[in-house]
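Shown next, in structure tokens, is the structure this report addresses.
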2 protein chains.
Amino acid sequence: MATIYEVSKLAGVSLATVSRVMNNNTNVSDATRKKVTVAMTQLGYRPNSIAQSLASNCSNSVGLLVSELQGPFYGPMMSGIETAFRKQSKHVIIAAGHSDEEREQQAIEFLISRNCDGLILHVEAISDDYLIELSKGKTPFVLINRYIRELASRCIILNNVKGGYLATKHVLEQGHTNIAYISGPLWKQDAQDRLAGHKQALAEHNISFNEQLLYQGDFMEDSGTAGFQHLYNGNSKFTALICANDEMATGAMASARESSLILPEQLSIMGYDNVFFTRHVYPPLSTVNYPINEMGQMAANWILSEVYKKTTPALQTLFEPELVVRQSIITNPQ
Amino acid sequence: MATIYEVSKLAGVSLATVSRVMNNNTNVSDATRKKVTVAMTQLGYRPNSIAQSLASNCSNSVGLLVSELQGPFYGPMMSGIETAFRKQSKHVIIAAGHSDEEREQQAIEFLISRNCDGLILHVEAISDDYLIELSKGKTPFVLINRYIRELASRCIILNNVKGGYLATKHVLEQGHTNIAYISGPLWKQDAQDRLAGHKQALAEHNISFNEQLLYQGDFMEDSGTAGFQHLYNGNSKFTALICANDEMATGAMASARESSLILPEQLSIMGYDNVFFTRHVYPPLSTVNYPINEMGQMAANWILSEVYKKTTPALQTLFEPELVVRQSIITNPQ
DNA sequence: TTGAAAGCGTTACCAG
DNA sequence: CTGGTAACGCTTTCAA
């Protein structure tokens with residue numbers, strides 16, 4: 001592999017000059033620039049990015065921490081991020097935190113030890129305090145789907161209260177009055193917010209919230225099936241079930257079907273996230289769109305702007321959910 | 001950030017010695033090793049991985065190129081790979097090739113320019129010749145789901161002929177004799193192989209292959225719906241439809257339902273890949289399992305073994321598919 | 001506009 | 001077992 005030294009020799013200029021043309025430094029005469037580029041192509045020169053990093057103290061790499069590499073939610077997010085960065089020749093190093101505090105912490109340290117210039121974090125288990133502490137360190141980061149007041153400007157979030165509200169409002173408008181709800185784990189802000197939106201819509205329609213119709217899940221499919229069973233065997237009847245995400249809705253659907261319910265005729269079900277497979281389940285699931293791909297891109301832009309000082313489209317921190325109506329909700333026959 | 005130099009000063013030893021204890025070089029007395037480790041923790045020393053890379057000519061990073069970051073197929077693959085590497089403190093840089101020749105090539109060059117020690121490639125559009133040429137370069141790589149004779153030992157593949165055979169055999173055993181088939185793009189080896197397996201099973205049951213019942217898709221959902229329409233409007237009737245992957249099967253199901261067919265009663269459908277959402281579609285899709293997570297891990301092991309000279313479980317290059325029976329196939333009433 | 005030279009933080013070779 | 005020192009390939013002052 002040719003080095004900058006060989007290029008400089010062939011071109012008959014100094015190392016510094018070669019470096020200058022590489023970095024598009026304007027202070028190079030056209031003549032010498034030409035000599036250098038010719039020498040570069042002649043030697044098939046490729047800069048060694050490791051050496052560049054060491055000398056410039058900039059690794060051009062950004063760390064991306066997600067809960068799972070698999071799963072329908074993270075795919076579009078990673079995709080938005082990778083696309084945005086590759087255009088700028090930054091590379092992304094990925095790690096998975098598996099919603100576990102210790103593993104999330106390890107992953108962050110791993111990424112930092114790899115000299116990432118910035119981090120994009122989708123973390124769930126790690127504490128606010130840890131992140132606030134981390135923000136005092138030298139590696140900048142953005143948070144996706146997590147709001148911490150002290151770090152507000154770097155929190156890219158969805159208006160989950162509104163999303164919860166939209167979902168329930170839609171169900172109410174179809175005439176349902178007995179509505180069950182499977183929430184996410186309520187120590188998580190997003191789960192709380194979605195539930196809050198639910199209650200708000202209920203209140204607006206003068207329907208009192210029935211604790212009996214609430215089940216706390218964990219955003220995973222199995223808790224959807226467990227939740228349905230629990231609610232179905234309870235004392236309060238319901239004609240519609242709202243789940244705080246699509247995975248749980250899927251689990252609930254499977255479970256409902258096992259209990260011989262006909263969907264959607266005997267039970268309307270609503271999801272949240274608009275994960276790609278929701279149009280494939282049967283009946284196609286009505287849900288709330290979470291523009292995670294765009295939010296991923298925004299996170300990338302944040303890094304591009306704050307860390308690399310690139311000009312990007314205006315940064316936006318709060319995103320709005322949208323109702324997606326498909327066929328899993330029917331109007332209540334009363 | 002403390003450097004190795006400060007550690008050496010505090011410990012009262014030379015740089016070389018500090019380096020030795022970091023790299024677990026045995027030639028260090030317990031006493032000095034102790035002094036050094038104490039100094040390290042005292043300073044909160046963290047080695048600079050960039051400098052290590054430059055000096056050792058090893059970046060400890062491996063490049064991973066997939067077609068899409070999203071989509072149900074690649075998630076489990078990436079997951080298997082990331083897990084295997086992080087255990088060994090190697091990091092993975094991801095890139096997406098989008099099944100496009102130029103973008104795949106760019107991605108490979110990008111990864112190489114990032115000094116990856118090795119590459120894991122899931123490429124579709126790039127030519128055999130390019131890869132053979134690439135194999136002469138200095139960056140080692142493994143291929144997933146692609147077989148090139150000249151590169152056989154680094155091709156991690158599924159026995160697709162057998163998978164195709166298994167799928168069709170199952171359908172035949174349920175008494176179907178008029179079986180339609182939506183293939184992948186036939187310039188791809190895996191699509192060819194799956195179809196070959198299909199034909200083989202047919203032959204074994206003395207059923208002649210009917211060209212009228214074949215539609216060439218492109219492995220994407222829409223071609224499943226297009227394929228179903230085409231076949232359904234054709235002259236040959238069929239009671240079962242086999243698709244060369246799950247996405248197309250899903251598209252076909254939706255389309256069949258739009259044509260008012262009742263599934264699975266009026267049409268049995270079979271998929272391929274056993275992508276995670278297949279159990280969520282309705283009726284739950286019978287399919288063929290593609291152990292992509294394990295194959296990803298194996299690719300990681302290949303790199304670990306060949307590039308980093310680690311000892312790993314025995315390398316395996318050919319994986320076997322398995323039939324997954326769910327409820328989308330019924331026995332043919334005849 | 002250009003060149004010389006001092007880093008960047010390690011590793012690895014060669015002596016001792 | 002330990003220390004000295006030359007790389008590794010580039011960026012970035014500082015002078016000219």
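We label chains A, B, ... in the order they appear in the structure tokens, count residues from 1 in each chain, and number ligands from 1 in the order shown.
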
Open item on the list: as number ranges by chain, please: the residues near Asn206 (chain B) (cut-off 12 Å, only C-alpha atoms (C1' of nucleotides), same-chain neighbours under 3 positions excluded).
Closed with: B: 169, 172, 177, 199-203, 209

Once chain B is superposed on chain A with a least-squares fit on all C-alpha pairs taken in order, can you show it as a JSON list (two decimals) with C-alpha atoms, in the first residue's frame?
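Below is the file out14.json, written as the result:
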[["chain", "number", "residue", "atom", "x", "y", "z"],
["B", 1, "MET", "CA", 0.02, 0.01, -0.06],
["B", 2, "ALA", "CA", 1.36, 3.33, -1.10],
["B", 3, "THR", "CA", 1.81, 5.93, 1.59],
["B", 4, "ILE", "CA", 1.64, 9.67, 1.53],
["B", 5, "TYR", "CA", 5.41, 9.68, 1.50],
["B", 6, "GLU", "CA", 5.71, 7.86, -1.78],
["B", 7, "VAL", "CA", 3.13, 10.14, -3.29],
["B", 8, "SER", "CA", 5.07, 13.18, -2.22],
["B", 9, "LYS", "CA", 8.25, 11.79, -3.69],
["B", 10, "LEU", "CA", 6.66, 10.92, -7.01],
["B", 11, "ALA", "CA", 4.97, 14.30, -7.22],
["B", 12, "GLY", "CA", 8.12, 16.08, -6.12],
["B", 13, "VAL", "CA", 6.43, 17.93, -3.27],
["B", 14, "SER", "CA", 6.41, 17.66, 0.50],
["B", 15, "LEU", "CA", 4.27, 15.50, 2.70],
["B", 16, "ALA", "CA", 2.47, 18.55, 3.92],
["B", 17, "THR", "CA", 1.37, 19.48, 0.45],
["B", 18, "VAL", "CA", -0.02, 16.06, -0.27],
["B", 19, "SER", "CA", -1.94, 16.21, 2.95],
["B", 20, "ARG", "CA", -3.28, 19.57, 1.92],
["B", 21, "VAL", "CA", -4.67, 18.41, -1.36],
["B", 22, "MET", "CA", -6.26, 15.43, 0.32],
["B", 23, "ASN", "CA", -8.05, 17.64, 2.75],
["B", 24, "ASN", "CA", -9.11, 20.09, 0.09],
["B", 25, "ASN", "CA", -7.16, 22.81, 1.69],
["B", 26, "THR", "CA", -7.50, 25.76, -0.63],
["B", 27, "ASN", "CA", -3.98, 26.97, -0.20],
["B", 28, "VAL", "CA", -2.55, 24.89, -3.01],
["B", 29, "SER", "CA", -1.86, 26.07, -6.52],
["B", 30, "ASP", "CA", -3.68, 24.31, -9.28],
["B", 31, "ALA", "CA", -0.43, 23.15, -10.78],
["B", 32, "THR", "CA", 0.83, 21.36, -7.70],
["B", 33, "ARG", "CA", -2.60, 20.02, -6.92],
["B", 34, "LYS", "CA", -2.59, 18.45, -10.32],
["B", 35, "LYS", "CA", 0.84, 16.93, -9.89],
["B", 36, "VAL", "CA", -0.24, 15.41, -6.63],
["B", 37, "THR", "CA", -3.51, 13.95, -7.83],
["B", 38, "VAL", "CA", -1.75, 12.42, -10.78],
["B", 39, "ALA", "CA", 0.78, 10.81, -8.53],
["B", 40, "MET", "CA", -1.96, 9.55, -6.29],
["B", 41, "THR", "CA", -3.91, 7.83, -9.02],
["B", 42, "GLN", "CA", -0.72, 6.49, -10.50],
["B", 43, "LEU", "CA", 0.14, 4.79, -7.25],
["B", 44, "GLY", "CA", -3.41, 3.82, -6.47],
["B", 45, "TYR", "CA", -2.97, 5.67, -3.24],
["B", 46, "ARG", "CA", -5.58, 5.29, -0.50],
["B", 47, "PRO", "CA", -5.18, 7.22, 2.70],
["B", 48, "ASN", "CA", -4.82, 5.13, 5.81],
["B", 49, "SER", "CA", -7.78, 6.10, 7.87],
["B", 50, "ILE", "CA", -6.26, 4.82, 11.07],
["B", 51, "ALA", "CA", -3.29, 7.11, 10.74],
["B", 52, "GLN", "CA", -5.58, 9.96, 9.86],
["B", 53, "SER", "CA", -7.58, 9.31, 12.97],
["B", 54, "LEU", "CA", -4.57, 9.23, 15.18],
["B", 55, "ALA", "CA", -3.12, 12.42, 13.83],
["B", 56, "SER", "CA", -6.34, 14.35, 13.62],
["B", 57, "ASN", "CA", -7.85, 13.00, 16.80],
["B", 58, "CYS", "CA", -11.04, 12.20, 14.93],
["B", 59, "SER", "CA", -12.02, 8.66, 14.11],
["B", 60, "ASN", "CA", -14.87, 9.45, 11.76],
["B", 61, "SER", "CA", -16.82, 6.74, 13.40],
["B", 62, "VAL", "CA", -19.99, 6.95, 15.38],
["B", 63, "GLY", "CA", -21.29, 4.36, 17.76],
["B", 64, "LEU", "CA", -24.83, 3.12, 17.56],
["B", 65, "LEU", "CA", -26.35, 1.29, 20.47],
["B", 66, "VAL", "CA", -29.71, -0.37, 20.09],
["B", 67, "SER", "CA", -31.51, -2.88, 22.24],
["B", 68, "GLU", "CA", -31.67, -5.54, 19.57],
["B", 69, "LEU", "CA", -30.21, -5.86, 16.12],
["B", 70, "GLN", "CA", -33.15, -7.96, 15.21],
["B", 71, "GLY", "CA", -36.74, -7.06, 15.70],
["B", 72, "PRO", "CA", -38.86, -4.94, 13.48],
["B", 73, "PHE", "CA", -38.39, -1.70, 15.31],
["B", 74, "TYR", "CA", -34.65, -1.20, 15.07],
["B", 75, "GLY", "CA", -34.14, -2.12, 11.44],
["B", 76, "PRO", "CA", -35.61, 1.05, 10.00],
["B", 77, "MET", "CA", -33.83, 3.08, 12.63],
["B", 78, "MET", "CA", -30.41, 1.66, 11.82],
["B", 79, "SER", "CA", -31.13, 1.98, 8.17],
["B", 80, "GLY", "CA", -31.89, 5.68, 8.40],
["B", 81, "ILE", "CA", -28.74, 6.22, 10.38],
["B", 82, "GLU", "CA", -26.38, 4.25, 8.20],
["B", 83, "THR", "CA", -27.58, 5.95, 5.06],
["B", 84, "ALA", "CA", -27.11, 9.41, 6.48],
["B", 85, "PHE", "CA", -23.60, 8.67, 7.65],
["B", 86, "ARG", "CA", -22.24, 6.83, 4.70],
["B", 87, "LYS", "CA", -23.04, 9.79, 2.49],
["B", 88, "GLN", "CA", -20.59, 11.68, 4.66],
["B", 89, "SER", "CA", -18.05, 8.89, 4.85],
["B", 90, "LYS", "CA", -18.56, 8.36, 8.51],
["B", 91, "HIS", "CA", -18.87, 4.81, 9.60],
["B", 92, "VAL", "CA", -21.12, 3.32, 12.17],
["B", 93, "ILE", "CA", -20.15, 0.79, 14.76],
["B", 94, "ILE", "CA", -23.05, -1.13, 16.16],
["B", 95, "ALA", "CA", -23.65, -2.72, 19.48],
["B", 96, "ALA", "CA", -26.63, -4.30, 21.16],
["B", 97, "GLY", "CA", -27.62, -3.58, 24.73],
["B", 98, "HIS", "CA", -30.45, -6.10, 25.12],
["B", 99, "SER", "CA", -32.38, -3.81, 27.44],
["B", 100, "ASP", "CA", -30.08, -4.81, 30.24],
["B", 101, "GLU", "CA", -28.42, -2.21, 32.40],
["B", 102, "GLU", "CA", -25.06, -3.85, 32.65],
["B", 103, "ARG", "CA", -24.84, -4.75, 29.01],
["B", 104, "GLU", "CA", -25.91, -1.30, 27.97],
["B", 105, "GLN", "CA", -23.19, 0.19, 30.11],
["B", 106, "GLN", "CA", -20.59, -2.19, 28.76],
["B", 107, "ALA", "CA", -21.64, -1.38, 25.24],
["B", 108, "ILE", "CA", -21.27, 2.32, 25.82],
["B", 109, "GLU", "CA", -17.82, 1.86, 27.26],
["B", 110, "PHE", "CA", -16.89, -0.39, 24.40],
["B", 111, "LEU", "CA", -17.99, 2.22, 21.91],
["B", 112, "ILE", "CA", -16.13, 4.97, 23.71],
["B", 113, "SER", "CA", -12.97, 2.89, 23.93],
["B", 114, "ARG", "CA", -13.22, 2.55, 20.18],
["B", 115, "ASN", "CA", -12.77, 6.28, 19.92],
["B", 116, "CYS", "CA", -16.17, 7.01, 18.50],
["B", 117, "ASP", "CA", -16.57, 10.71, 17.80],
["B", 118, "GLY", "CA", -20.20, 10.53, 18.87],
["B", 119, "LEU", "CA", -22.84, 8.10, 20.03],
["B", 120, "ILE", "CA", -26.44, 7.43, 19.16],
["B", 121, "LEU", "CA", -28.11, 5.67, 22.01],
["B", 122, "HIS", "CA", -31.37, 3.82, 22.25],
["B", 123, "VAL", "CA", -31.11, 2.62, 25.79],
["B", 124, "GLU", "CA", -33.78, 1.44, 28.12],
["B", 125, "ALA", "CA", -32.32, 0.06, 31.29],
["B", 126, "ILE", "CA", -29.57, 2.52, 32.06],
["B", 127, "SER", "CA", -30.35, 5.23, 34.59],
["B", 128, "ASP", "CA", -30.86, 8.91, 33.94],
["B", 129, "ASP", "CA", -28.03, 9.61, 36.33],
["B", 130, "TYR", "CA", -25.58, 7.55, 34.37],
["B", 131, "LEU", "CA", -26.48, 9.40, 31.22],
["B", 132, "ILE", "CA", -26.25, 12.77, 32.87],
["B", 133, "GLU", "CA", -22.84, 11.80, 34.13],
["B", 134, "LEU", "CA", -21.90, 10.57, 30.70],
["B", 135, "SER", "CA", -22.87, 13.88, 29.22],
["B", 136, "LYS", "CA", -20.07, 15.48, 31.17],
["B", 137, "GLY", "CA", -17.55, 13.29, 29.41],
["B", 138, "LYS", "CA", -15.93, 14.17, 26.16],
["B", 139, "THR", "CA", -17.95, 11.96, 23.83],
["B", 140, "PRO", "CA", -21.15, 13.67, 22.68],
["B", 141, "PHE", "CA", -24.29, 11.60, 22.29],
["B", 142, "VAL", "CA", -27.94, 11.76, 21.29],
["B", 143, "LEU", "CA", -30.74, 9.79, 22.83],
["B", 144, "ILE", "CA", -33.55, 8.26, 20.85],
["B", 145, "ASN", "CA", -36.89, 7.59, 22.49],
["B", 146, "ARG", "CA", -35.86, 8.83, 25.86],
["B", 147, "TYR", "CA", -36.43, 12.14, 27.52],
["B", 148, "ILE", "CA", -34.25, 13.48, 30.29],
["B", 149, "ARG", "CA", -34.96, 17.05, 31.20],
["B", 150, "GLU", "CA", -31.35, 17.94, 31.84],
["B", 151, "LEU", "CA", -30.42, 16.64, 28.42],
["B", 152, "ALA", "CA", -33.48, 17.85, 26.58],
["B", 153, "SER", "CA", -31.73, 19.20, 23.52],
["B", 154, "ARG", "CA", -30.27, 15.83, 22.71],
["B", 155, "CYS", "CA", -33.40, 13.78, 23.18],
["B", 156, "ILE", "CA", -35.15, 12.76, 20.02],
["B", 157, "ILE", "CA", -38.56, 11.61, 21.00],
["B", 158, "LEU", "CA", -42.06, 10.85, 19.89],
["B", 159, "ASN", "CA", -45.09, 12.56, 21.33],
["B", 160, "ASN", "CA", -46.32, 9.42, 23.00],
["B", 161, "VAL", "CA", -49.12, 11.02, 24.92],
["B", 162, "LYS", "CA", -50.61, 12.13, 21.68],
["B", 163, "GLY", "CA", -50.10, 8.71, 20.13],
["B", 164, "GLY", "CA", -51.91, 7.05, 22.99],
["B", 165, "TYR", "CA", -54.64, 9.60, 22.70],
["B", 166, "LEU", "CA", -55.03, 9.08, 18.96],
["B", 167, "ALA", "CA", -55.32, 5.33, 19.30],
["B", 168, "THR", "CA", -57.99, 5.44, 21.95],
["B", 169, "LYS", "CA", -59.89, 8.26, 20.31],
["B", 170, "HIS", "CA", -60.17, 6.20, 17.16],
["B", 171, "VAL", "CA", -61.52, 3.24, 19.05],
["B", 172, "LEU", "CA", -63.98, 5.41, 20.91],
["B", 173, "GLU", "CA", -65.18, 6.92, 17.69],
["B", 174, "GLN", "CA", -66.08, 3.47, 16.48],
["B", 175, "GLY", "CA", -68.52, 3.31, 19.34],
["B", 176, "HIS", "CA", -66.61, 1.16, 21.77],
["B", 177, "THR", "CA", -67.06, 1.99, 25.41],
["B", 178, "ASN", "CA", -65.59, -1.02, 27.14],
["B", 179, "ILE", "CA", -61.97, -0.84, 26.20],
["B", 180, "ALA", "CA", -59.21, -2.95, 27.65],
["B", 181, "TYR", "CA", -55.60, -1.78, 27.63],
["B", 182, "ILE", "CA", -52.33, -3.65, 27.76],
["B", 183, "SER", "CA", -49.61, -1.19, 28.67],
["B", 184, "GLY", "CA", -45.86, -1.36, 28.51],
["B", 185, "PRO", "CA", -43.83, -1.62, 31.70],
["B", 186, "LEU", "CA", -44.91, 1.44, 33.60],
["B", 187, "TRP", "CA", -41.48, 2.38, 34.86],
["B", 188, "LYS", "CA", -40.71, 3.40, 31.30],
["B", 189, "GLN", "CA", -41.64, 6.88, 30.33],
["B", 190, "ASP", "CA", -43.01, 5.95, 26.93],
["B", 191, "ALA", "CA", -45.31, 3.34, 28.43],
["B", 192, "GLN", "CA", -46.57, 5.90, 30.92],
["B", 193, "ASP", "CA", -47.12, 8.48, 28.25],
["B", 194, "ARG", "CA", -49.07, 6.18, 26.00],
["B", 195, "LEU", "CA", -51.29, 5.22, 28.87],
["B", 196, "ALA", "CA", -51.74, 8.86, 29.83],
["B", 197, "GLY", "CA", -52.93, 9.58, 26.31],
["B", 198, "HIS", "CA", -55.33, 6.69, 26.56],
["B", 199, "LYS", "CA", -56.80, 8.05, 29.76],
["B", 200, "GLN", "CA", -57.04, 11.49, 28.31],
["B", 201, "ALA", "CA", -59.13, 10.28, 25.39],
["B", 202, "LEU", "CA", -61.33, 8.30, 27.71],
["B", 203, "ALA", "CA", -61.92, 11.34, 29.87],
["B", 204, "GLU", "CA", -62.77, 13.43, 26.89],
["B", 205, "HIS", "CA", -65.50, 10.97, 26.04],
["B", 206, "ASN", "CA", -66.70, 10.86, 29.64],
["B", 207, "ILE", "CA", -65.76, 7.28, 30.11],
["B", 208, "SER", "CA", -64.19, 6.48, 33.42],
["B", 209, "PHE", "CA", -61.02, 4.48, 33.44],
["B", 210, "ASN", "CA", -61.51, 0.97, 34.73],
["B", 211, "GLU", "CA", -58.51, -0.51, 36.51],
["B", 212, "GLN", "CA", -59.90, -3.96, 35.86],
["B", 213, "LEU", "CA", -59.33, -3.43, 32.18],
["B", 214, "LEU", "CA", -55.66, -2.57, 32.51],
["B", 215, "TYR", "CA", -52.87, -5.10, 32.27],
["B", 216, "GLN", "CA", -49.23, -4.18, 32.53],
["B", 217, "GLY", "CA", -47.14, -5.95, 29.93],
["B", 218, "ASP", "CA", -43.51, -5.57, 28.97],
["B", 219, "PHE", "CA", -43.73, -4.64, 25.28],
["B", 220, "MET", "CA", -42.98, -8.22, 24.27],
["B", 221, "GLU", "CA", -45.22, -10.56, 22.43],
["B", 222, "ASP", "CA", -45.74, -13.03, 25.25],
["B", 223, "SER", "CA", -47.01, -10.39, 27.58],
["B", 224, "GLY", "CA", -49.66, -9.66, 24.97],
["B", 225, "THR", "CA", -50.94, -13.19, 25.16],
["B", 226, "ALA", "CA", -50.68, -13.25, 28.94],
["B", 227, "GLY", "CA", -52.44, -9.91, 29.09],
["B", 228, "PHE", "CA", -55.29, -11.04, 26.91],
["B", 229, "GLN", "CA", -55.80, -14.16, 28.98],
["B", 230, "HIS", "CA", -55.84, -12.18, 32.15],
["B", 231, "LEU", "CA", -58.30, -9.64, 30.89],
["B", 232, "TYR", "CA", -60.50, -12.19, 29.16],
["B", 233, "ASN", "CA", -60.84, -14.21, 32.31],
["B", 234, "GLY", "CA", -61.55, -11.13, 34.39],
["B", 235, "ASN", "CA", -64.92, -9.81, 35.37],
["B", 236, "SER", "CA", -65.09, -6.81, 33.10],
["B", 237, "LYS", "CA", -66.19, -7.38, 29.53],
["B", 238, "PHE", "CA", -64.73, -5.44, 26.67],
["B", 239, "THR", "CA", -65.28, -5.12, 22.94],
["B", 240, "ALA", "CA", -61.94, -3.55, 22.10],
["B", 241, "LEU", "CA", -58.37, -4.04, 23.23],
["B", 242, "ILE", "CA", -55.65, -1.47, 22.83],
["B", 243, "CYS", "CA", -52.06, -2.56, 23.15],
["B", 244, "ALA", "CA", -49.16, -0.24, 23.81],
["B", 245, "ASN", "CA", -47.18, -1.75, 20.97],
["B", 246, "ASP", "CA", -47.62, -3.99, 17.96],
["B", 247, "GLU", "CA", -45.79, -6.98, 19.34],
["B", 248, "MET", "CA", -48.12, -7.26, 22.28],
["B", 249, "ALA", "CA", -51.07, -6.73, 19.96],
["B", 250, "THR", "CA", -49.86, -9.66, 17.90],
["B", 251, "GLY", "CA", -49.56, -11.83, 20.95],
["B", 252, "ALA", "CA", -53.01, -10.81, 22.06],
["B", 253, "MET", "CA", -54.48, -11.61, 18.66],
["B", 254, "ALA", "CA", -53.05, -15.08, 18.68],
["B", 255, "SER", "CA", -54.34, -15.63, 22.15],
["B", 256, "ALA", "CA", -57.80, -14.30, 21.32],
["B", 257, "ARG", "CA", -57.97, -16.61, 18.39],
["B", 258, "GLU", "CA", -57.06, -19.50, 20.61],
["B", 259, "SER", "CA", -59.97, -18.58, 22.80],
["B", 260, "SER", "CA", -62.09, -18.96, 19.67],
["B", 261, "LEU", "CA", -62.83, -15.31, 19.25],
["B", 262, "ILE", "CA", -63.42, -14.20, 15.70],
["B", 263, "LEU", "CA", -61.38, -11.15, 14.79],
["B", 264, "PRO", "CA", -62.23, -8.40, 14.33],
["B", 265, "GLU", "CA", -65.95, -9.18, 14.68],
["B", 266, "GLN", "CA", -65.83, -10.23, 18.29],
["B", 267, "LEU", "CA", -62.92, -8.12, 19.37],
["B", 268, "SER", "CA", -61.34, -5.03, 17.95],
["B", 269, "ILE", "CA", -57.60, -4.71, 18.50],
["B", 270, "MET", "CA", -55.30, -1.74, 18.17],
["B", 271, "GLY", "CA", -51.52, -1.64, 18.15],
["B", 272, "TYR", "CA", -48.82, 1.00, 18.35],
["B", 273, "ASP", "CA", -45.57, 1.58, 16.39],
["B", 274, "ASN", "CA", -46.65, 0.58, 12.90],
["B", 275, "VAL", "CA", -43.96, -1.98, 12.65],
["B", 276, "PHE", "CA", -43.74, -3.36, 9.14],
["B", 277, "PHE", "CA", -45.44, -6.69, 9.73],
["B", 278, "THR", "CA", -48.62, -5.13, 11.04],
["B", 279, "ARG", "CA", -50.07, -5.08, 7.56],
["B", 280, "HIS", "CA", -49.42, -8.79, 7.26],
["B", 281, "VAL", "CA", -51.18, -10.03, 10.34],
["B", 282, "TYR", "CA", -54.79, -10.88, 9.97],
["B", 283, "PRO", "CA", -56.83, -8.82, 10.23],
["B", 284, "PRO", "CA", -54.39, -6.09, 9.21],
["B", 285, "LEU", "CA", -53.68, -4.19, 12.37],
["B", 286, "SER", "CA", -54.73, -0.62, 12.94],
["B", 287, "THR", "CA", -51.96, 1.14, 14.76],
["B", 288, "VAL", "CA", -50.11, 4.37, 15.41],
["B", 289, "ASN", "CA", -47.19, 5.30, 13.24],
["B", 290, "TYR", "CA", -43.82, 5.81, 14.91],
["B", 291, "PRO", "CA", -41.57, 7.53, 12.37],
["B", 292, "ILE", "CA", -38.50, 5.75, 13.61],
["B", 293, "ASN", "CA", -36.63, 5.86, 10.34],
["B", 294, "GLU", "CA", -36.89, 9.64, 10.22],
["B", 295, "MET", "CA", -35.96, 9.89, 13.84],
["B", 296, "GLY", "CA", -32.87, 7.82, 13.16],
["B", 297, "GLN", "CA", -31.91, 10.15, 10.37],
["B", 298, "MET", "CA", -32.46, 13.08, 12.65],
["B", 299, "ALA", "CA", -30.17, 11.56, 15.24],
["B", 300, "ALA", "CA", -27.56, 11.19, 12.54],
["B", 301, "ASN", "CA", -28.04, 14.80, 11.56],
["B", 302, "TRP", "CA", -27.62, 15.83, 15.14],
["B", 303, "ILE", "CA", -24.23, 14.15, 15.25],
["B", 304, "LEU", "CA", -23.28, 15.49, 11.87],
["B", 305, "SER", "CA", -24.12, 18.97, 12.98],
["B", 306, "GLU", "CA", -22.89, 19.00, 16.57],
["B", 307, "VAL", "CA", -19.85, 16.78, 16.24],
["B", 308, "TYR", "CA", -18.70, 17.22, 12.68],
["B", 309, "LYS", "CA", -19.92, 20.77, 12.26],
["B", 310, "LYS", "CA", -21.65, 19.95, 9.03],
["B", 311, "THR", "CA", -24.62, 21.95, 7.96],
["B", 312, "THR", "CA", -27.74, 19.86, 8.02],
["B", 313, "PRO", "CA", -31.46, 20.43, 7.69],
["B", 314, "ALA", "CA", -32.86, 22.01, 10.84],
["B", 315, "LEU", "CA", -32.64, 19.74, 13.84],
["B", 316, "GLN", "CA", -35.91, 18.58, 15.24],
["B", 317, "THR", "CA", -36.36, 16.93, 18.53],
["B", 318, "LEU", "CA", -40.02, 16.09, 18.89],
["B", 319, "PHE", "CA", -41.86, 13.93, 16.38],
["B", 320, "GLU", "CA", -45.56, 13.43, 15.98],
["B", 321, "PRO", "CA", -47.35, 10.09, 15.73],
["B", 322, "GLU", "CA", -50.12, 9.40, 13.25],
["B", 323, "LEU", "CA", -53.09, 7.12, 13.27],
["B", 324, "VAL", "CA", -52.94, 4.23, 10.80],
["B", 325, "VAL", "CA", -56.35, 2.74, 10.13],
["B", 326, "ARG", "CA", -56.49, -0.78, 8.84],
["B", 327, "GLN", "CA", -59.01, -3.49, 9.53],
["B", 328, "SER", "CA", -58.61, -4.69, 13.06],
["B", 329, "ILE", "CA", -61.16, -2.27, 14.49],
["B", 330, "ILE", "CA", -64.84, -2.51, 13.63],
["B", 331, "THR", "CA", -67.60, -0.20, 14.71],
["B", 332, "ASN", "CA", -69.23, -1.47, 17.80],
["B", 333, "PRO", "CA", -72.65, -3.00, 17.04],
["B", 334, "GLN", "CA", -73.88, -1.95, 20.49]]

Open item on the list: With 9 Å as the limit and counting only C-alpha atoms (C1' of nucleotides), what residues in chain D lie close to chain A? Please list them as a ChimeraX atom specification.
Closed with: /D:8-12

Could you save those same residues with C-alpha atoms (C1' of nucleotides) as a PDB file, in the first residue's frame?
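Everything below was put into part-v1.pdb:
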ATOM      1  C1'  DC D   8       3.068   3.080  12.099  1.00  0.00           C
ATOM      2  C1'  DG D   9       1.005   7.003   8.316  1.00  0.00           C
ATOM      3  C1'  DC D  10      -0.855  10.896   8.818  1.00  0.00           C
ATOM      4  C1'  DT D  11      -2.017  16.125  10.511  1.00  0.00           C
ATOM      5  C1'  DT D  12      -0.645  20.469  11.909  1.00  0.00           C
TER       6       DT D  12
END

Task: Residues of region 92-139 of chain B in strand (DSSP E or B), written as a PyMOL selection string - done: chain B and resi 92-96+118-121

- [ ] Please give the complete set of residues from region 87-310 of chain B that DSSP, run on the backbone, assigns to helix (DSSP H, G or I), formatted as JSON, numbers by chain.
- [x] {"B": [87, 101, 102, 103, 104, 105, 106, 107, 108, 109, 110, 111, 112, 113, 128, 129, 130, 131, 132, 133, 134, 149, 150, 151, 152, 153, 154, 160, 161, 162, 163, 164, 165, 166, 167, 168, 169, 170, 171, 172, 173, 189, 190, 191, 192, 193, 194, 195, 196, 197, 198, 199, 200, 201, 202, 203, 204, 211, 212, 213, 221, 222, 223, 224, 225, 226, 227, 228, 229, 230, 231, 232, 246, 247, 248, 249, 250, 251, 252, 253, 254, 255, 256, 257, 258, 276, 277, 278, 279, 292, 293, 294, 295, 296, 297, 298, 299, 300, 301, 302, 303, 304, 305, 306]}
